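Asker: File name query-v3.txt; file contents compact mmCIF, N, CA and C atoms; full text below.
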```
# COMPACT_ATOMS: atom_id res chain seq x y z
N MET A 1 -84.24 -15.66 27.30
CA MET A 1 -83.39 -15.78 26.14
C MET A 1 -82.44 -16.95 26.36
N THR A 2 -82.38 -17.82 25.43
CA THR A 2 -81.55 -19.01 25.56
C THR A 2 -80.49 -19.03 24.47
N GLN A 3 -79.28 -19.38 24.87
CA GLN A 3 -78.22 -19.53 23.88
C GLN A 3 -77.50 -20.82 24.19
N GLY A 4 -77.10 -21.55 23.17
CA GLY A 4 -76.40 -22.80 23.36
C GLY A 4 -74.90 -22.57 23.33
N VAL A 5 -74.18 -23.36 24.09
CA VAL A 5 -72.73 -23.29 24.10
C VAL A 5 -72.22 -24.68 23.79
N HIS A 6 -71.36 -24.79 22.81
CA HIS A 6 -70.79 -26.07 22.41
C HIS A 6 -69.34 -26.07 22.85
N THR A 7 -68.95 -27.05 23.63
CA THR A 7 -67.60 -27.09 24.18
C THR A 7 -66.92 -28.40 23.80
N ILE A 8 -65.70 -28.30 23.33
CA ILE A 8 -64.90 -29.48 23.05
C ILE A 8 -63.64 -29.35 23.90
N LEU A 9 -63.41 -30.32 24.77
CA LEU A 9 -62.24 -30.29 25.63
C LEU A 9 -61.07 -30.92 24.88
N PRO A 10 -59.87 -30.31 24.99
CA PRO A 10 -58.69 -30.86 24.30
C PRO A 10 -58.44 -32.30 24.71
N GLY A 11 -58.16 -33.14 23.72
CA GLY A 11 -57.83 -34.53 23.99
C GLY A 11 -59.03 -35.39 24.32
N ARG A 12 -60.20 -34.85 24.17
CA ARG A 12 -61.42 -35.59 24.51
C ARG A 12 -62.32 -35.67 23.29
N GLN A 13 -63.01 -36.76 23.17
CA GLN A 13 -63.99 -36.90 22.10
C GLN A 13 -65.33 -36.34 22.54
N ALA A 14 -65.51 -36.24 23.87
CA ALA A 14 -66.81 -35.82 24.40
C ALA A 14 -67.07 -34.35 24.12
N THR A 15 -68.27 -34.05 23.77
CA THR A 15 -68.70 -32.66 23.61
C THR A 15 -69.91 -32.46 24.48
N MET A 16 -70.15 -31.21 24.82
CA MET A 16 -71.27 -30.92 25.70
C MET A 16 -72.01 -29.71 25.17
N LEU A 17 -73.27 -29.86 25.03
CA LEU A 17 -74.12 -28.76 24.63
C LEU A 17 -75.06 -28.50 25.79
N TYR A 18 -75.05 -27.29 26.28
CA TYR A 18 -75.96 -26.98 27.37
C TYR A 18 -76.61 -25.64 27.11
N ALA A 19 -77.75 -25.44 27.69
CA ALA A 19 -78.51 -24.22 27.47
C ALA A 19 -78.26 -23.24 28.59
N LEU A 20 -78.06 -21.99 28.23
CA LEU A 20 -77.96 -20.91 29.19
C LEU A 20 -79.25 -20.11 29.12
N GLU A 21 -79.76 -19.79 30.25
CA GLU A 21 -80.96 -18.97 30.25
C GLU A 21 -80.80 -17.89 31.29
N ALA A 22 -81.23 -16.68 30.95
CA ALA A 22 -81.14 -15.57 31.89
C ALA A 22 -82.00 -15.88 33.10
N THR A 23 -81.48 -15.55 34.28
CA THR A 23 -82.25 -15.76 35.49
C THR A 23 -82.61 -14.43 36.10
N THR A 24 -83.67 -14.41 36.84
CA THR A 24 -84.08 -13.20 37.52
C THR A 24 -83.73 -13.32 38.99
N PRO A 25 -83.54 -12.19 39.69
CA PRO A 25 -83.22 -12.27 41.11
C PRO A 25 -84.28 -13.00 41.91
N ALA A 26 -85.53 -12.98 41.46
CA ALA A 26 -86.60 -13.66 42.19
C ALA A 26 -86.46 -15.18 42.12
N ASN A 27 -85.76 -15.68 41.11
CA ASN A 27 -85.59 -17.13 40.95
C ASN A 27 -84.30 -17.55 41.64
N GLU A 28 -84.41 -18.15 42.82
CA GLU A 28 -83.23 -18.51 43.57
C GLU A 28 -82.82 -19.96 43.39
N SER A 29 -83.57 -20.76 42.65
CA SER A 29 -83.23 -22.18 42.47
C SER A 29 -81.87 -22.38 41.84
N PRO A 30 -81.52 -21.65 40.75
CA PRO A 30 -80.18 -21.84 40.18
C PRO A 30 -79.08 -21.50 41.18
N SER A 31 -79.32 -20.48 42.00
CA SER A 31 -78.34 -20.09 43.01
C SER A 31 -78.18 -21.20 44.05
N ARG A 32 -79.29 -21.81 44.46
CA ARG A 32 -79.24 -22.89 45.45
C ARG A 32 -78.50 -24.10 44.87
N PHE A 33 -78.80 -24.44 43.62
CA PHE A 33 -78.10 -25.55 42.98
C PHE A 33 -76.61 -25.24 42.86
N GLY A 34 -76.28 -24.01 42.49
CA GLY A 34 -74.89 -23.61 42.37
C GLY A 34 -74.13 -23.74 43.68
N LYS A 35 -74.78 -23.38 44.77
CA LYS A 35 -74.14 -23.52 46.08
C LYS A 35 -73.91 -24.99 46.43
N LEU A 36 -74.87 -25.83 46.07
CA LEU A 36 -74.71 -27.27 46.31
C LEU A 36 -73.55 -27.82 45.48
N LEU A 37 -73.48 -27.43 44.22
CA LEU A 37 -72.39 -27.86 43.35
C LEU A 37 -71.04 -27.42 43.93
N ARG A 38 -70.94 -26.17 44.31
CA ARG A 38 -69.69 -25.64 44.87
C ARG A 38 -69.32 -26.39 46.15
N SER A 39 -70.33 -26.68 46.98
CA SER A 39 -70.09 -27.40 48.23
C SER A 39 -69.51 -28.79 47.96
N HIS A 40 -70.10 -29.51 47.03
CA HIS A 40 -69.58 -30.85 46.68
C HIS A 40 -68.17 -30.75 46.11
N ARG A 41 -67.94 -29.75 45.27
CA ARG A 41 -66.61 -29.59 44.66
C ARG A 41 -65.57 -29.29 45.74
N HIS A 42 -65.91 -28.40 46.68
CA HIS A 42 -64.98 -28.08 47.76
C HIS A 42 -64.73 -29.28 48.66
N SER A 43 -65.79 -30.06 48.92
CA SER A 43 -65.63 -31.27 49.74
C SER A 43 -64.66 -32.25 49.09
N LEU A 44 -64.70 -32.29 47.78
CA LEU A 44 -63.79 -33.16 47.03
C LEU A 44 -62.37 -32.58 47.00
N GLY A 45 -62.27 -31.27 47.28
CA GLY A 45 -60.97 -30.60 47.29
C GLY A 45 -60.42 -30.38 45.89
N THR A 46 -61.32 -30.07 44.96
CA THR A 46 -60.89 -29.89 43.57
C THR A 46 -61.25 -28.51 43.05
N THR A 47 -60.62 -28.14 41.97
CA THR A 47 -60.89 -26.86 41.32
C THR A 47 -61.93 -27.04 40.23
N GLN A 48 -62.44 -25.93 39.75
CA GLN A 48 -63.38 -25.99 38.62
C GLN A 48 -62.71 -26.64 37.42
N ARG A 49 -61.45 -26.32 37.19
CA ARG A 49 -60.73 -26.87 36.04
C ARG A 49 -60.58 -28.39 36.14
N LEU A 50 -60.24 -28.89 37.32
CA LEU A 50 -60.10 -30.34 37.49
C LEU A 50 -61.45 -31.04 37.39
N LEU A 51 -62.50 -30.43 37.93
CA LEU A 51 -63.83 -31.02 37.80
C LEU A 51 -64.26 -31.04 36.34
N ALA A 52 -63.92 -30.00 35.61
CA ALA A 52 -64.24 -29.95 34.18
C ALA A 52 -63.57 -31.11 33.45
N ALA A 53 -62.33 -31.35 33.75
CA ALA A 53 -61.60 -32.45 33.10
C ALA A 53 -62.20 -33.81 33.48
N ARG A 54 -62.60 -33.97 34.74
CA ARG A 54 -63.16 -35.24 35.19
C ARG A 54 -64.55 -35.50 34.64
N SER A 55 -65.30 -34.43 34.39
CA SER A 55 -66.70 -34.58 34.00
C SER A 55 -66.94 -34.36 32.50
N THR A 56 -65.94 -33.89 31.78
CA THR A 56 -66.03 -33.52 30.36
C THR A 56 -67.02 -32.38 30.11
N VAL A 57 -67.25 -31.56 31.11
CA VAL A 57 -68.07 -30.36 30.99
C VAL A 57 -67.11 -29.18 31.07
N SER A 58 -67.36 -28.12 30.33
CA SER A 58 -66.43 -27.00 30.29
C SER A 58 -66.33 -26.28 31.63
N VAL A 59 -65.19 -25.65 31.85
CA VAL A 59 -64.98 -24.83 33.04
C VAL A 59 -66.03 -23.72 33.08
N ARG A 60 -66.30 -23.15 31.94
CA ARG A 60 -67.30 -22.07 31.87
C ARG A 60 -68.67 -22.56 32.33
N ALA A 61 -69.07 -23.75 31.92
CA ALA A 61 -70.36 -24.30 32.32
C ALA A 61 -70.41 -24.49 33.84
N ILE A 62 -69.35 -25.02 34.41
CA ILE A 62 -69.30 -25.23 35.86
C ILE A 62 -69.34 -23.90 36.59
N ARG A 63 -68.57 -22.94 36.12
CA ARG A 63 -68.55 -21.61 36.73
C ARG A 63 -69.94 -20.98 36.66
N ASP A 64 -70.58 -21.05 35.49
CA ASP A 64 -71.90 -20.45 35.33
C ASP A 64 -72.93 -21.14 36.21
N LEU A 65 -72.84 -22.44 36.36
CA LEU A 65 -73.75 -23.16 37.25
C LEU A 65 -73.54 -22.74 38.70
N GLU A 66 -72.28 -22.67 39.12
CA GLU A 66 -71.98 -22.30 40.50
C GLU A 66 -72.44 -20.89 40.83
N HIS A 67 -72.38 -20.00 39.87
CA HIS A 67 -72.76 -18.60 40.10
C HIS A 67 -74.24 -18.34 39.86
N GLY A 68 -75.00 -19.39 39.53
CA GLY A 68 -76.43 -19.24 39.34
C GLY A 68 -76.81 -18.56 38.04
N ARG A 69 -75.91 -18.56 37.08
CA ARG A 69 -76.18 -17.91 35.79
C ARG A 69 -76.96 -18.79 34.82
N VAL A 70 -77.07 -20.06 35.15
CA VAL A 70 -77.79 -20.99 34.28
C VAL A 70 -79.15 -21.24 34.89
N GLY A 71 -80.18 -20.91 34.13
CA GLY A 71 -81.53 -21.07 34.63
C GLY A 71 -82.02 -22.50 34.59
N ARG A 72 -81.58 -23.25 33.61
CA ARG A 72 -82.03 -24.63 33.44
C ARG A 72 -80.87 -25.53 33.05
N PRO A 73 -80.15 -26.10 34.02
CA PRO A 73 -79.07 -27.01 33.63
C PRO A 73 -79.64 -28.26 32.97
N ARG A 74 -79.01 -28.69 31.90
CA ARG A 74 -79.48 -29.89 31.20
C ARG A 74 -79.19 -31.13 32.02
N ARG A 75 -80.07 -32.12 31.91
CA ARG A 75 -79.88 -33.37 32.66
C ARG A 75 -78.54 -34.02 32.34
N ASP A 76 -78.17 -34.00 31.06
CA ASP A 76 -76.88 -34.59 30.65
C ASP A 76 -75.73 -33.92 31.39
N THR A 77 -75.77 -32.61 31.45
CA THR A 77 -74.71 -31.84 32.12
C THR A 77 -74.66 -32.20 33.60
N VAL A 78 -75.81 -32.24 34.24
CA VAL A 78 -75.89 -32.55 35.67
C VAL A 78 -75.36 -33.95 35.93
N ARG A 79 -75.72 -34.91 35.09
CA ARG A 79 -75.24 -36.29 35.28
C ARG A 79 -73.73 -36.40 35.10
N LEU A 80 -73.20 -35.70 34.11
CA LEU A 80 -71.75 -35.72 33.90
C LEU A 80 -71.02 -35.11 35.09
N ILE A 81 -71.54 -34.01 35.61
CA ILE A 81 -70.90 -33.37 36.76
C ILE A 81 -71.01 -34.26 38.00
N ALA A 82 -72.18 -34.86 38.20
CA ALA A 82 -72.35 -35.77 39.34
C ALA A 82 -71.34 -36.92 39.27
N ALA A 83 -71.13 -37.45 38.08
CA ALA A 83 -70.14 -38.52 37.90
C ALA A 83 -68.73 -37.99 38.17
N GLY A 84 -68.44 -36.78 37.69
CA GLY A 84 -67.14 -36.18 37.93
C GLY A 84 -66.87 -35.92 39.40
N LEU A 85 -67.93 -35.63 40.15
CA LEU A 85 -67.81 -35.42 41.59
C LEU A 85 -67.76 -36.75 42.35
N GLY A 86 -68.08 -37.84 41.66
CA GLY A 86 -68.10 -39.14 42.30
C GLY A 86 -69.32 -39.34 43.19
N LEU A 87 -70.40 -38.63 42.90
CA LEU A 87 -71.61 -38.74 43.72
C LEU A 87 -72.34 -40.04 43.40
N THR A 88 -72.80 -40.70 44.44
CA THR A 88 -73.57 -41.93 44.27
C THR A 88 -74.73 -41.92 45.26
N GLY A 89 -75.65 -42.83 45.06
CA GLY A 89 -76.74 -43.04 45.99
C GLY A 89 -77.56 -41.79 46.28
N GLN A 90 -77.80 -41.56 47.57
CA GLN A 90 -78.63 -40.46 48.01
C GLN A 90 -78.05 -39.10 47.63
N ALA A 91 -76.74 -38.95 47.74
CA ALA A 91 -76.11 -37.67 47.40
C ALA A 91 -76.34 -37.32 45.93
N ARG A 92 -76.21 -38.32 45.07
CA ARG A 92 -76.44 -38.10 43.65
C ARG A 92 -77.90 -37.77 43.37
N ALA A 93 -78.81 -38.50 44.00
CA ALA A 93 -80.23 -38.25 43.81
C ALA A 93 -80.61 -36.84 44.25
N GLU A 94 -80.08 -36.39 45.39
CA GLU A 94 -80.35 -35.03 45.87
C GLU A 94 -79.77 -33.99 44.93
N PHE A 95 -78.59 -34.25 44.41
CA PHE A 95 -77.94 -33.34 43.47
C PHE A 95 -78.80 -33.19 42.21
N GLU A 96 -79.26 -34.31 41.66
CA GLU A 96 -80.09 -34.27 40.46
C GLU A 96 -81.45 -33.64 40.73
N ARG A 97 -82.02 -33.87 41.93
CA ARG A 97 -83.29 -33.23 42.28
C ARG A 97 -83.13 -31.72 42.39
N ALA A 98 -82.02 -31.28 42.97
CA ALA A 98 -81.78 -29.84 43.11
C ALA A 98 -81.68 -29.17 41.73
N ALA A 99 -81.04 -29.85 40.80
CA ALA A 99 -80.93 -29.31 39.44
C ALA A 99 -82.30 -29.29 38.77
N ALA A 100 -83.08 -30.33 38.97
CA ALA A 100 -84.40 -30.41 38.36
C ALA A 100 -85.33 -29.34 38.90
N SER A 101 -85.11 -28.92 40.14
CA SER A 101 -85.98 -27.89 40.72
C SER A 101 -85.75 -26.54 40.06
N CYS A 102 -84.66 -26.40 39.32
CA CYS A 102 -84.39 -25.17 38.58
C CYS A 102 -85.25 -25.07 37.34
N ARG A 103 -85.71 -26.21 36.85
CA ARG A 103 -86.47 -26.25 35.61
C ARG A 103 -87.94 -25.95 35.88
N PRO A 104 -88.51 -25.02 35.14
CA PRO A 104 -89.93 -24.77 35.32
C PRO A 104 -90.74 -25.94 34.78
N THR A 105 -91.88 -26.16 35.38
CA THR A 105 -92.74 -27.22 34.86
C THR A 105 -93.46 -26.70 33.63
N THR A 106 -93.69 -27.58 32.68
CA THR A 106 -94.39 -27.18 31.47
C THR A 106 -95.77 -27.80 31.49
N HIS A 107 -96.73 -27.04 31.06
CA HIS A 107 -98.10 -27.53 30.99
C HIS A 107 -98.49 -27.58 29.53
N ARG A 108 -98.95 -28.74 29.13
CA ARG A 108 -99.40 -28.89 27.75
C ARG A 108 -100.88 -28.58 27.66
N LYS A 109 -101.23 -27.88 26.63
CA LYS A 109 -102.64 -27.62 26.39
C LYS A 109 -103.21 -28.79 25.62
N ARG A 110 -104.40 -29.18 25.98
CA ARG A 110 -105.06 -30.28 25.26
C ARG A 110 -105.66 -29.75 23.99
N ARG A 111 -105.54 -30.56 22.98
CA ARG A 111 -106.17 -30.20 21.70
C ARG A 111 -107.66 -30.48 21.77
N PRO A 112 -108.43 -29.60 21.18
CA PRO A 112 -109.87 -29.88 21.14
C PRO A 112 -110.12 -31.11 20.29
N GLU A 113 -111.03 -31.94 20.71
CA GLU A 113 -111.33 -33.17 19.96
C GLU A 113 -112.41 -32.99 18.97
```
Once you've parsed the file, please lay out its structure as structure tokens.
Answerer:
Amino acid sequence: MTQGVHTILPGRQATMLYALEATTPANESPSRFGKLLRSHRHSLGTTQRLLAARSTVSVRAIRDLEHGRVGRPRRDTVRLIAAGLGLTGQARAEFERAAASCRPTTHRKRRPE
């Protein structure tokens, strides 16, 4: 089940739409990504609220990501958070790969010719 959340931060023109999807205990990828996010945030010495302000992503979105409640973080959201964390180079690439590993692969069926 997917529901969208639209967030507007006070004093900001930026808005963020991200998808929430229920996760099952068997799916640990969101949890692993959440731990990585929390680790980077703690290394920076910042709170969820300050990271939200720096990245223009809502506090709720960051909290839900850290707690593994988001099954498929959107690329836009991940990129904004990576920028807010100041991640560059290899650290940023690993962060984005970890988020992408949360997304299931889709297989397209070929149309009969």
Asker: Report, in Å with one decimal, the straight-line distance from atom CA of A:Arg69 to atom CA of A:Phe95.
Answerer: 17.3 Å
Asker: Which polymer residues, protein or nucleic acid, are no farther than 12 Å from (-84.0, -29.4, 42.2), counting only C-alpha atoms, as number ranges by chain?
Answerer: A: 28-34, 36-37, 71-75, 78, 92-105
Asker: Mind listing as a list in words all residues within 8 Å of (-64.1, -26.5, 37.6), counting only N, CA and C atoms?
Answerer: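 Protein, DNA and RNA residues close to (-64.1, -26.5, 37.6): Thr46, Thr47, Gln48, Arg49, Leu50, Leu51, Ala52, Ala53, Val57, Ser58, Val59, Arg60, Ala61, Ile62 and Arg63 of chain A.
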Asker: With N, CA and C atoms kept, could you save the residues just selected as a compact mmCIF listing (two decimals), keeping the file's coordinate frame?
Answerer:
```
# COMPACT_ATOMS: atom_id res chain seq x y z
N THR A 46 -61.32 -30.07 44.96
CA THR A 46 -60.89 -29.89 43.57
C THR A 46 -61.25 -28.51 43.05
N THR A 47 -60.62 -28.14 41.97
CA THR A 47 -60.89 -26.86 41.32
C THR A 47 -61.93 -27.04 40.23
N GLN A 48 -62.44 -25.93 39.75
CA GLN A 48 -63.38 -25.99 38.62
C GLN A 48 -62.71 -26.64 37.42
N ARG A 49 -61.45 -26.32 37.19
CA ARG A 49 -60.73 -26.87 36.04
C ARG A 49 -60.58 -28.39 36.14
N LEU A 50 -60.24 -28.89 37.32
CA LEU A 50 -60.10 -30.34 37.49
C LEU A 50 -61.45 -31.04 37.39
N LEU A 51 -62.50 -30.43 37.93
CA LEU A 51 -63.83 -31.02 37.80
C LEU A 51 -64.26 -31.04 36.34
N ALA A 52 -63.92 -30.00 35.61
CA ALA A 52 -64.24 -29.95 34.18
C ALA A 52 -63.57 -31.11 33.45
N ALA A 53 -62.33 -31.35 33.75
CA ALA A 53 -61.60 -32.45 33.10
C ALA A 53 -62.20 -33.81 33.48
N VAL A 57 -67.25 -31.56 31.11
CA VAL A 57 -68.07 -30.36 30.99
C VAL A 57 -67.11 -29.18 31.07
N SER A 58 -67.36 -28.12 30.33
CA SER A 58 -66.43 -27.00 30.29
C SER A 58 -66.33 -26.28 31.63
N VAL A 59 -65.19 -25.65 31.85
CA VAL A 59 -64.98 -24.83 33.04
C VAL A 59 -66.03 -23.72 33.08
N ARG A 60 -66.30 -23.15 31.94
CA ARG A 60 -67.30 -22.07 31.87
C ARG A 60 -68.67 -22.56 32.33
N ALA A 61 -69.07 -23.75 31.92
CA ALA A 61 -70.36 -24.30 32.32
C ALA A 61 -70.41 -24.49 33.84
N ILE A 62 -69.35 -25.02 34.41
CA ILE A 62 -69.30 -25.23 35.86
C ILE A 62 -69.34 -23.90 36.59
N ARG A 63 -68.57 -22.94 36.12
CA ARG A 63 -68.55 -21.61 36.73
C ARG A 63 -69.94 -20.98 36.66
```
Asker: Taking all atoms of stretch 40-54 of chain A that the file lists and extending 3 Å past them on each side, where is the centre of the axis-aligned box and how long are its edges? Answer in Å to one decimal, as AutoDock Vina command-line options.
Answerer:
```
--center_x -65.1 --center_y -30.7 --center_z 41.4 --size_x 16.0 --size_y 15.6 --size_z 22.6
```
Asker: Atom CA of A:Asp76 and atom CA of A:Leu44, how far apart in Å?
Answerer: 21.0 Å
Asker: Can you measure atom CA of A:Gln90 to atom C of A:Asp64 for me? One decimal in Å is fine.
Answerer: 23.3 Å
